[in-house]
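Shown next: final_15.txt, containing compact mmCIF, C-alpha atoms.
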```txt
# COMPACT_ATOMS: atom_id res chain seq x y z
CA MET U 147 -22.35 -12.56 -8.94
CA SER U 148 -23.17 -9.89 -6.38
CA TYR U 149 -20.87 -6.90 -5.83
CA LEU U 150 -20.47 -4.51 -2.93
CA PHE U 151 -18.76 -1.26 -3.94
CA ILE U 152 -17.21 0.64 -1.02
CA VAL U 153 -16.64 4.15 -2.36
CA ASN U 154 -14.50 6.88 -0.85
CA PRO U 155 -16.11 9.94 -2.51
CA VAL U 156 -13.21 12.31 -1.80
CA ALA U 157 -10.45 9.99 -3.06
CA GLY U 158 -8.30 11.36 -5.86
CA LYS U 159 -9.78 14.85 -5.69
CA GLY U 160 -13.30 13.52 -6.23
CA ASN U 161 -12.61 10.53 -8.51
CA GLY U 162 -14.60 8.38 -6.09
CA ASN U 163 -17.75 10.38 -6.80
CA LYS U 164 -17.13 10.42 -10.56
CA ILE U 165 -17.14 6.66 -10.84
CA ILE U 166 -20.60 6.06 -9.32
CA PRO U 167 -22.46 6.56 -12.65
CA ILE U 168 -19.90 4.29 -14.35
CA ILE U 169 -20.48 1.58 -11.72
CA LYS U 170 -24.21 1.68 -12.37
CA GLU U 171 -23.81 1.64 -16.15
CA VAL U 172 -21.36 -1.28 -16.30
CA MET U 173 -23.17 -3.37 -13.68
CA ASP U 174 -26.51 -2.87 -15.45
CA THR U 175 -24.94 -3.75 -18.81
CA TYR U 176 -23.64 -7.06 -17.43
CA LYS U 177 -26.89 -7.58 -15.45
CA CYS U 178 -24.98 -7.93 -12.17
CA THR U 179 -26.48 -7.49 -8.72
CA TYR U 180 -24.70 -4.75 -6.78
CA GLU U 181 -24.84 -2.34 -3.86
CA ILE U 182 -22.92 0.89 -3.31
CA LYS U 183 -21.81 2.09 0.13
CA ILE U 184 -20.35 5.60 0.50
CA THR U 185 -17.79 6.27 3.23
CA GLU U 186 -18.09 9.43 5.30
CA LYS U 187 -15.19 9.09 7.73
CA ILE U 188 -12.10 7.06 8.54
CA GLY U 189 -13.07 3.53 9.56
CA ASP U 190 -16.25 3.32 7.47
CA ALA U 191 -14.64 1.23 4.72
CA LYS U 192 -13.41 -1.36 7.25
CA LEU U 193 -16.83 -1.47 8.93
CA PHE U 194 -18.71 -1.94 5.63
CA ALA U 195 -16.34 -4.75 4.59
CA GLU U 196 -16.72 -6.48 7.96
CA GLU U 197 -20.50 -6.33 7.74
CA ALA U 198 -20.42 -7.71 4.18
CA LYS U 199 -18.61 -10.91 5.21
CA THR U 200 -21.86 -12.42 6.48
CA LYS U 201 -23.98 -11.22 3.54
CA ASN U 202 -24.53 -12.65 0.08
CA PHE U 203 -21.80 -10.71 -1.76
CA SER U 204 -19.33 -12.47 -4.05
CA ILE U 205 -16.92 -9.55 -4.55
CA ILE U 206 -16.12 -6.57 -2.32
CA VAL U 207 -14.72 -3.66 -4.32
CA SER U 208 -12.51 -0.92 -2.91
CA VAL U 209 -13.14 2.32 -4.80
CA GLY U 210 -10.53 4.85 -3.69
CA GLY U 211 -6.83 4.98 -2.97
CA ASP U 212 -4.44 2.76 -1.05
CA GLY U 213 -5.78 4.02 2.30
CA THR U 214 -9.32 2.93 1.41
CA LEU U 215 -7.96 -0.40 0.19
CA HIS U 216 -6.08 -0.88 3.47
CA GLU U 217 -9.34 -0.51 5.41
CA VAL U 218 -11.34 -2.77 3.08
CA VAL U 219 -8.76 -5.56 3.29
CA ASN U 220 -8.66 -5.42 7.09
CA GLY U 221 -12.45 -5.61 7.16
CA MET U 222 -12.85 -8.53 4.76
CA VAL U 223 -9.97 -10.82 5.84
CA GLY U 224 -11.35 -14.17 6.88
CA GLY U 225 -14.49 -13.83 4.78
CA PRO U 226 -15.40 -15.75 1.60
CA GLN U 227 -15.47 -12.80 -0.80
CA LYS U 228 -12.98 -11.85 -3.49
CA LEU U 229 -11.45 -8.36 -3.59
CA GLY U 230 -11.91 -5.91 -6.44
CA VAL U 231 -9.84 -2.73 -6.81
CA ILE U 232 -10.91 0.44 -8.61
CA PRO U 233 -7.90 2.82 -8.44
CA ALA U 234 -9.62 6.14 -7.78
CA GLY U 235 -7.08 7.61 -5.33
CA THR U 236 -3.91 9.63 -5.74
CA GLY U 237 -1.32 6.87 -5.31
CA ASN U 238 -2.95 3.59 -6.40
CA ASP U 239 0.30 1.69 -5.93
CA PHE U 240 -1.19 -1.74 -5.31
CA ALA U 241 -3.28 -1.43 -8.47
CA ARG U 242 -0.09 -0.47 -10.32
CA THR U 243 1.61 -3.66 -9.12
CA LEU U 244 -1.32 -5.76 -10.41
CA ASN U 245 -1.53 -3.88 -13.75
CA ILE U 246 -5.07 -2.72 -13.03
CA PRO U 247 -5.72 0.22 -15.38
CA PHE U 248 -6.21 3.69 -13.94
CA ASN U 249 -8.96 4.39 -16.47
CA LEU U 250 -12.06 3.95 -14.32
CA ARG U 251 -14.24 2.41 -17.04
CA GLU U 252 -11.51 -0.06 -18.04
CA ALA U 253 -11.07 -1.06 -14.41
CA MET U 254 -14.83 -1.65 -14.14
CA GLU U 255 -14.81 -3.87 -17.23
CA ILE U 256 -12.10 -6.03 -15.63
CA LEU U 257 -14.27 -6.44 -12.54
CA ALA U 258 -17.15 -7.69 -14.63
CA LYS U 259 -14.97 -10.44 -16.17
CA LYS U 260 -14.21 -11.83 -12.70
CA LYS U 261 -10.74 -13.34 -13.31
CA SER U 262 -8.87 -13.58 -9.99
CA ILE U 263 -5.58 -14.72 -8.48
CA PRO U 264 -4.63 -15.47 -4.85
CA VAL U 265 -2.25 -12.86 -3.42
CA ASP U 266 -0.30 -12.51 -0.21
CA LEU U 267 -1.02 -10.17 2.64
CA GLY U 268 1.31 -8.80 5.27
CA ARG U 269 0.53 -8.83 8.96
CA LEU U 270 1.85 -6.12 11.29
CA ASN U 271 1.44 -6.92 14.97
CA GLY U 272 -1.82 -8.71 14.11
CA LYS U 273 -3.20 -6.12 11.65
CA HIS U 274 -3.05 -6.73 7.89
CA PHE U 275 -1.57 -4.66 5.08
CA VAL U 276 -1.73 -5.34 1.36
CA ASN U 277 1.10 -3.35 -0.24
CA PHE U 278 3.92 -2.21 2.08
CA CYS U 279 4.99 -0.95 5.47
CA SER U 280 7.95 1.29 6.21
CA ILE U 281 9.68 2.98 9.11
CA GLY U 282 12.12 5.83 9.46
CA LEU U 283 12.30 8.75 7.09
CA ASP U 284 9.56 7.29 4.93
CA ALA U 285 6.96 7.41 7.69
CA LEU U 286 7.81 11.06 8.32
CA ILE U 287 7.59 11.77 4.58
CA ALA U 288 4.14 10.17 4.50
CA GLN U 289 3.00 12.37 7.39
CA GLU U 290 4.16 15.48 5.56
CA ALA U 291 2.74 14.33 2.22
CA ASN U 292 -0.65 13.52 3.75
CA LYS U 293 -0.96 17.14 4.86
CA ILE U 294 -0.68 18.47 1.32
CA LYS U 295 -1.87 15.69 -1.02
CA LYS U 296 -5.32 17.24 -1.42
CA TYR U 297 -3.60 20.12 -3.23
CA PHE U 298 -1.10 18.15 -5.37
CA SER U 299 -0.81 14.81 -7.16
CA SER U 300 0.53 11.88 -5.13
CA THR U 301 3.96 12.09 -6.78
CA TYR U 302 4.40 15.84 -6.21
CA SER U 303 3.11 15.68 -2.64
CA TYR U 304 5.56 12.85 -1.96
CA VAL U 305 8.49 14.83 -3.36
CA ILE U 306 7.53 17.89 -1.30
CA GLY U 307 7.17 15.58 1.72
CA VAL U 308 10.73 14.33 1.13
CA ILE U 309 12.13 17.87 1.16
CA LYS U 310 10.22 18.84 4.32
CA ALA U 311 11.02 15.61 6.17
CA LEU U 312 14.75 15.78 5.39
CA GLY U 313 15.00 18.92 7.48
CA LYS U 314 13.67 17.10 10.56
CA PHE U 315 14.88 13.53 10.32
CA LYS U 316 17.83 11.84 12.04
CA SER U 317 19.01 8.32 11.27
CA LEU U 318 17.80 5.42 13.46
CA LYS U 319 19.84 2.63 15.01
CA VAL U 320 17.88 -0.61 14.76
CA ASP U 321 18.17 -4.35 15.21
CA LEU U 322 16.68 -5.93 12.08
CA ILE U 323 15.84 -9.64 12.26
CA ILE U 324 14.85 -11.43 9.03
CA ASP U 325 13.85 -15.09 9.33
CA GLY U 326 15.93 -15.36 12.50
CA ILE U 327 19.08 -13.67 11.12
CA LYS U 328 20.02 -10.46 12.95
CA TYR U 329 21.46 -7.31 11.35
CA ASN U 330 22.59 -4.22 13.25
CA GLU U 331 21.89 -1.22 11.08
CA GLU U 332 21.84 2.57 11.22
CA ILE U 333 19.12 3.39 8.75
CA MET U 334 17.32 6.19 6.98
CA LEU U 335 14.40 3.90 6.16
CA ILE U 336 13.28 0.29 5.94
CA ALA U 337 10.45 -0.68 3.58
CA VAL U 338 8.85 -4.11 3.97
CA CYS U 339 7.14 -4.72 0.64
CA ASN U 340 4.49 -7.07 -0.66
CA GLY U 341 4.00 -5.02 -3.85
CA ALA U 342 6.63 -3.34 -5.99
CA TYR U 343 5.48 0.30 -5.78
CA TYR U 344 4.82 2.99 -3.21
CA GLY U 345 4.72 6.79 -2.96
CA GLY U 346 2.70 7.20 -6.15
CA GLY U 347 4.82 5.15 -8.54
CA MET U 348 8.19 4.76 -6.84
CA LYS U 349 9.51 1.27 -7.62
CA ILE U 350 10.90 0.62 -4.15
CA ALA U 351 11.01 -3.19 -4.53
CA PRO U 352 11.65 -3.86 -8.25
CA HIS U 353 11.45 -7.65 -8.00
CA ALA U 354 8.57 -8.00 -5.53
CA GLU U 355 5.80 -10.49 -6.34
CA VAL U 356 2.48 -10.49 -4.50
CA PHE U 357 2.09 -14.28 -4.58
CA ASP U 358 5.53 -15.67 -3.60
CA GLY U 359 4.93 -15.82 0.15
CA GLN U 360 7.81 -13.46 0.97
CA PHE U 361 8.53 -9.80 1.55
CA ASP U 362 11.10 -7.81 -0.38
CA ILE U 363 12.83 -5.62 2.22
CA CYS U 364 14.59 -2.43 1.18
CA VAL U 365 17.07 -0.97 3.68
CA VAL U 366 18.52 2.49 3.05
CA ARG U 367 21.48 2.86 5.39
CA LYS U 368 22.69 6.14 6.88
CA VAL U 369 23.63 8.52 4.10
CA SER U 370 24.14 12.26 3.84
CA LYS U 371 20.95 14.19 3.17
CA LEU U 372 22.47 15.63 0.01
CA LYS U 373 23.16 12.17 -1.40
CA LEU U 374 19.70 11.06 -0.36
CA LEU U 375 18.20 13.84 -2.47
CA PHE U 376 20.00 12.37 -5.49
CA LEU U 377 19.03 8.82 -4.55
CA PHE U 378 15.27 9.38 -4.21
CA PRO U 379 14.52 10.13 -7.89
CA THR U 380 16.17 6.86 -8.92
CA ILE U 381 13.51 4.92 -6.98
CA PHE U 382 10.92 5.71 -9.67
CA LYS U 383 12.73 3.32 -12.03
CA GLY U 384 13.98 0.94 -9.36
CA GLU U 385 17.57 2.05 -9.93
CA HIS U 386 18.26 2.91 -6.27
CA VAL U 387 19.40 -0.67 -5.71
CA LYS U 388 22.73 0.14 -7.40
CA TYR U 389 23.77 2.41 -4.50
CA LYS U 390 26.03 0.84 -1.89
CA GLU U 391 23.88 2.37 0.87
CA VAL U 392 20.84 0.39 -0.34
CA LYS U 393 20.50 -3.25 0.64
CA MET U 394 17.72 -5.61 -0.48
CA TYR U 395 16.67 -8.67 1.52
CA ARG U 396 13.90 -11.24 1.21
CA GLY U 397 12.07 -13.07 3.98
CA LYS U 398 8.78 -14.12 5.58
CA ASP U 399 9.26 -12.86 9.14
CA VAL U 400 10.72 -9.44 9.91
CA GLN U 401 11.25 -7.86 13.33
CA ILE U 402 12.62 -4.39 14.03
CA PHE U 403 13.77 -3.19 17.43
CA SER U 404 15.06 0.23 18.46
CA THR U 405 15.39 2.29 21.61
CA GLU U 406 14.12 5.25 19.59
CA ASN U 407 10.54 6.08 18.65
CA MET U 408 9.39 4.41 15.42
CA ASN U 409 6.23 5.31 13.55
CA VAL U 410 5.11 2.90 10.83
CA ASN U 411 3.68 3.85 7.45
CA ALA U 412 1.25 0.97 6.69
CA ASP U 413 -0.24 1.38 3.19
CA GLY U 414 -0.15 5.14 3.80
CA GLU U 415 -1.65 4.97 7.30
CA ILE U 416 0.66 6.19 10.08
CA ILE U 417 0.58 4.03 13.20
CA ASP U 418 2.75 3.89 16.33
CA ASN U 419 4.20 0.44 17.03
CA ARG U 420 7.19 -0.71 19.05
CA PRO U 421 8.58 -3.34 18.80
CA ILE U 422 7.54 -4.16 15.22
CA LYS U 423 6.83 -7.62 13.83
CA PHE U 424 5.88 -8.29 10.19
CA GLU U 425 4.67 -11.65 8.85
CA ALA U 426 4.00 -12.66 5.25
CA VAL U 427 0.71 -14.55 4.88
CA ASN U 428 0.82 -16.60 1.67
CA LYS U 429 -2.10 -16.36 -0.80
CA LYS U 430 -4.48 -14.98 1.80
CA ILE U 431 -6.97 -13.19 -0.44
CA GLU U 432 -8.35 -13.53 -4.00
CA VAL U 433 -8.07 -10.35 -6.08
CA ILE U 434 -9.76 -9.60 -9.41
CA VAL U 435 -7.05 -8.83 -12.00
CA PRO U 436 -6.74 -8.14 -15.77
```

Please lay out the structure from this file as structure tokens.
Amino acid sequence: MSYLFIVNPVAGKGNGNKIIPIIKEVMDTYKCTYEIKITEKIGDAKLFAEEAKTKNFSIIVSVGGDGTLHEVVNGMVGGPQKLGVIPAGTGNDFARTLNIPFNLREAMEILAKKKSIPVDLGRLNGKHFVNFCSIGLDALIAQEANKIKKYFSSTYSYVIGVIKALGKFKSLKVDLIIDGIKYNEEIMLIAVCNGAYYGGGMKIAPHAEVFDGQFDICVVRKVSKLKLLFLFPTIFKGEHVKYKEVKMYRGKDVQIFSTENMNVNADGEIIDNRPIKFEAVNKKIEVIVP
């Protein structure tokens, strides 16, 4: 087995850098062949993963947060390698869904054992995502949280982002089409989920499975900002689904249309797309798991 580790050194307030000695120690203990690539700027992780597709690596490992993972996945799709995940970022929500431990050494030990499962990917207007995409208030929250997450944990930065974004956001009127069925909604947010978690541990899609070939789609309809403040904390335990303003759907193909501007939060990356089309791609990539 030959491993390529793509390391974001600034992920998780420097966790990426801390794990490099652990990588060397565990790989040498198991007598594995490996190479370490260090990212310096946005786009490097995707480039390294793309280049590795034609080389003799068995496993490409994302060492960082969900943003690093998003790049690695988009680089390696279509290649023969399996994906490894070392959760060294602030959110690590996809790792949480797969029960990959946050202890860096324990995560490395799992990599060395090489057990894997096929998992789904999402496709957004031709580009892939591994965990979730969302529009509406959530995308604005992510923008605000990204500005401050280097000073706070992912959870605290997300909560602060909620408070700041609430002061700016207005509900959106959208046409939501799921597997050909159309819904007219006025929404605060829509989250199209492959995994169960986002926002640093918020259980936005409690029943999501990453290998069932479908998205779990969470729609939060128009609600007063005061009520929304009470609703948000319940997402950490997945209890938001009890509110009448929250509707859960399931489906493979999701389209969203609006006359208003819609930014998309794709695995933490903010992109501008309109109209928006999501597709579930069943068992697209093999991931090393406990």

* Structure fact -> The residue from U:Arg269, U:Arg251, U:Lys183, U:Lys390 with the smallest atom-to-atom distance to Asn428 of chain U, counting all atoms listed in the file, is U:Arg269

* **Long-range neighbours of Ser262 of chain U as a ChimeraX atom specification, 8 Å cut-off, all atoms listed in the file, 3 positions minimum in chain** => /U:228,432-435

Store the residues picked out above, limited to C-alpha atoms, as a compact mmCIF listing (two decimals), in the frame of the given file.
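Written file, result37.txt:
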```txt
# COMPACT_ATOMS: atom_id res chain seq x y z
CA LYS U 228 -12.98 -11.85 -3.49
CA GLU U 432 -8.35 -13.53 -4.00
CA VAL U 433 -8.07 -10.35 -6.08
CA ILE U 434 -9.76 -9.60 -9.41
CA VAL U 435 -7.05 -8.83 -12.00
```

Give me, as a tab-separated table, each residue of segment 271-329 of chain U that comes within 12 Å of segment 397-402 of chain U, together with its shortest interatomic pair and the distance in Å at one decimal, counting only C-alpha atoms, with rows ordered by chain and rising residue number.
```
residue	atom	partner	partner_atom	distance
U:Asn271	CA	U:Gln401	CA	10.0
U:Cys279	CA	U:Val400	CA	11.2
U:Ser280	CA	U:Ile402	CA	10.7
U:Ile281	CA	U:Ile402	CA	9.3
U:Gly282	CA	U:Ile402	CA	11.2
U:Leu318	CA	U:Ile402	CA	11.1
U:Lys319	CA	U:Ile402	CA	10.1
U:Val320	CA	U:Ile402	CA	6.5
U:Asp321	CA	U:Ile402	CA	5.7
U:Leu322	CA	U:Ile402	CA	4.8
U:Ile323	CA	U:Gln401	CA	5.0
U:Ile324	CA	U:Val400	CA	4.7
U:Asp325	CA	U:Asp399	CA	5.1
U:Gly326	CA	U:Asp399	CA	7.9
U:Ile327	CA	U:Val400	CA	9.4
U:Lys328	CA	U:Gln401	CA	9.2
U:Tyr329	CA	U:Ile402	CA	9.7
```

* To do: Using all atoms listed in the file, give me every residue within 8 Å of (6.6, 6.1, 15.1) in file coordinates, as number ranges by chain.
  => U: 281-282, 285, 407-410, 416-420

* d(atom CA of Arg396 of chain U, atom CA of Lys368 of chain U) in Å ->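 Interatomic distance here is 20.3 Å.
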
Could you list, as a CSV table (one decimal) with C-alpha atoms, in the frame of the given file, every residue within 12 Å of Asn163 of chain U, counting only C-alpha atoms and ignoring same-chain residues fewer than 4 positions away?
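The resulting file, result.csv, is reproduced below:
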```
chain,number,residue,atom,x,y,z
U,152,ILE,CA,-17.2,0.6,-1.0
U,153,VAL,CA,-16.6,4.2,-2.4
U,154,ASN,CA,-14.5,6.9,-0.8
U,155,PRO,CA,-16.1,9.9,-2.5
U,156,VAL,CA,-13.2,12.3,-1.8
U,157,ALA,CA,-10.4,10.0,-3.1
U,158,GLY,CA,-8.3,11.4,-5.9
U,159,LYS,CA,-9.8,14.8,-5.7
U,167,PRO,CA,-22.5,6.6,-12.6
U,168,ILE,CA,-19.9,4.3,-14.4
U,169,ILE,CA,-20.5,1.6,-11.7
U,182,ILE,CA,-22.9,0.9,-3.3
U,183,LYS,CA,-21.8,2.1,0.1
U,184,ILE,CA,-20.4,5.6,0.5
U,185,THR,CA,-17.8,6.3,3.2
U,209,VAL,CA,-13.1,2.3,-4.8
U,210,GLY,CA,-10.5,4.8,-3.7
U,234,ALA,CA,-9.6,6.1,-7.8
U,235,GLY,CA,-7.1,7.6,-5.3
U,250,LEU,CA,-12.1,4.0,-14.3
```

* Asked: Which polymer residues have any atom within 7 Å of an atom of Gly213 of chain U, counting all atoms listed in the file, with same-chain residues fewer than 6 positions away left out, as JSON, numbers by chain?
  -> {"U": [413, 414, 415]}

* For atom CA of Lys373 of chain U and atom CA of Asn411 of chain U, determine how far apart the two atoms are, in Å to one decimal place. =>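 These atoms are spaced 23.0 Å apart.
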
* From the list U:Met173, U:Val218, U:Val207, U:Ile350, which residue is nearest Leu193 of chain U when using all atoms listed in the file? ->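 Nearest to Leu193 of chain U: U:Val218.
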
Quick one: segment 352-428 of chain U from the block, C-alpha atoms, as an mmCIF file, in the first residue's frame.
```
data_model
loop_
_atom_site.group_PDB
_atom_site.id
_atom_site.type_symbol
_atom_site.label_atom_id
_atom_site.label_comp_id
_atom_site.auth_asym_id
_atom_site.auth_seq_id
_atom_site.Cartn_x
_atom_site.Cartn_y
_atom_site.Cartn_z
ATOM 1 C CA PRO U 352 -30.493 12.963 11.591
ATOM 2 C CA HIS U 353 -31.310 9.980 9.374
ATOM 3 C CA ALA U 354 -28.872 10.607 6.507
ATOM 4 C CA GLU U 355 -26.778 7.682 5.262
ATOM 5 C CA VAL U 356 -23.769 8.176 2.997
ATOM 6 C CA PHE U 357 -24.366 4.975 1.007
ATOM 7 C CA ASP U 358 -28.123 4.949 0.251
ATOM 8 C CA GLY U 359 -27.958 6.819 -3.059
ATOM 9 C CA GLN U 360 -30.202 9.660 -1.856
ATOM 10 C CA PHE U 361 -30.003 13.087 -0.270
ATOM 11 C CA ASP U 362 -31.765 14.049 2.928
ATOM 12 C CA ILE U 363 -33.118 17.554 2.309
ATOM 13 C CA CYS U 364 -33.881 19.863 5.222
ATOM 14 C CA VAL U 365 -36.135 22.844 4.480
ATOM 15 C CA VAL U 366 -36.576 25.537 7.124
ATOM 16 C CA ARG U 367 -39.550 27.632 6.048
ATOM 17 C CA LYS U 368 -40.014 31.322 6.790
ATOM 18 C CA VAL U 369 -40.034 31.867 10.537
ATOM 19 C CA SER U 370 -39.527 34.848 12.812
ATOM 20 C CA LYS U 371 -35.896 35.528 13.648
ATOM 21 C CA LEU U 372 -36.671 35.193 17.341
ATOM 22 C CA LYS U 373 -38.089 31.696 16.863
ATOM 23 C CA LEU U 374 -35.152 30.815 14.646
ATOM 24 C CA LEU U 375 -32.784 31.654 17.496
ATOM 25 C CA PHE U 376 -34.591 29.069 19.631
ATOM 26 C CA LEU U 377 -34.673 26.550 16.789
ATOM 27 C CA PHE U 378 -30.950 26.580 15.954
ATOM 28 C CA PRO U 379 -29.667 25.019 19.213
ATOM 29 C CA THR U 380 -32.005 22.050 18.731
ATOM 30 C CA ILE U 381 -30.137 21.121 15.530
ATOM 31 C CA PHE U 382 -27.178 19.850 17.573
ATOM 32 C CA LYS U 383 -29.301 16.879 18.686
ATOM 33 C CA GLY U 384 -31.379 16.626 15.523
ATOM 34 C CA GLU U 385 -34.488 17.796 17.380
ATOM 35 C CA HIS U 386 -35.294 20.648 14.967
ATOM 36 C CA VAL U 387 -37.365 18.230 12.900
ATOM 37 C CA LYS U 388 -40.188 18.481 15.457
ATOM 38 C CA TYR U 389 -40.897 22.114 14.483
ATOM 39 C CA LYS U 390 -43.731 22.665 12.024
ATOM 40 C CA GLU U 391 -41.535 25.099 10.064
ATOM 41 C CA VAL U 392 -39.011 22.321 9.346
ATOM 42 C CA LYS U 393 -39.717 19.839 6.572
ATOM 43 C CA MET U 394 -37.546 16.852 5.645
ATOM 44 C CA TYR U 395 -37.524 15.305 2.168
ATOM 45 C CA ARG U 396 -35.500 12.589 0.461
ATOM 46 C CA GLY U 397 -34.488 12.341 -3.179
ATOM 47 C CA LYS U 398 -31.759 11.852 -5.784
ATOM 48 C CA ASP U 399 -32.245 14.934 -7.955
ATOM 49 C CA VAL U 400 -32.840 18.391 -6.489
ATOM 50 C CA GLN U 401 -33.280 21.667 -8.364
ATOM 51 C CA ILE U 402 -33.773 25.101 -6.828
ATOM 52 C CA PHE U 403 -34.905 28.163 -8.755
ATOM 53 C CA SER U 404 -35.355 31.734 -7.535
ATOM 54 C CA THR U 405 -35.452 35.220 -8.989
ATOM 55 C CA GLU U 406 -33.267 36.297 -6.073
ATOM 56 C CA ASN U 407 -29.524 35.873 -5.666
ATOM 57 C CA MET U 408 -28.528 32.527 -4.135
ATOM 58 C CA ASN U 409 -25.076 31.702 -2.836
ATOM 59 C CA VAL U 410 -24.347 28.044 -2.090
ATOM 60 C CA ASN U 411 -22.399 26.701 0.863
ATOM 61 C CA ALA U 412 -20.735 23.548 -0.552
ATOM 62 C CA ASP U 413 -18.844 21.688 2.209
ATOM 63 C CA GLY U 414 -18.023 25.103 3.689
ATOM 64 C CA GLU U 415 -16.971 26.671 0.368
ATOM 65 C CA ILE U 416 -19.155 29.585 -0.765
ATOM 66 C CA ILE U 417 -19.944 29.557 -4.476
ATOM 67 C CA ASP U 418 -22.374 31.531 -6.647
ATOM 68 C CA ASN U 419 -24.729 29.350 -8.689
ATOM 69 C CA ARG U 420 -28.098 30.019 -10.281
ATOM 70 C CA PRO U 421 -30.088 27.967 -11.122
ATOM 71 C CA ILE U 422 -28.943 25.137 -8.835
ATOM 72 C CA LYS U 423 -29.025 21.429 -9.647
ATOM 73 C CA PHE U 424 -27.924 18.699 -7.206
ATOM 74 C CA GLU U 425 -27.492 15.025 -8.121
ATOM 75 C CA ALA U 426 -26.750 12.085 -5.823
ATOM 76 C CA VAL U 427 -24.043 9.805 -7.247
ATOM 77 C CA ASN U 428 -24.364 6.369 -5.637
#
```
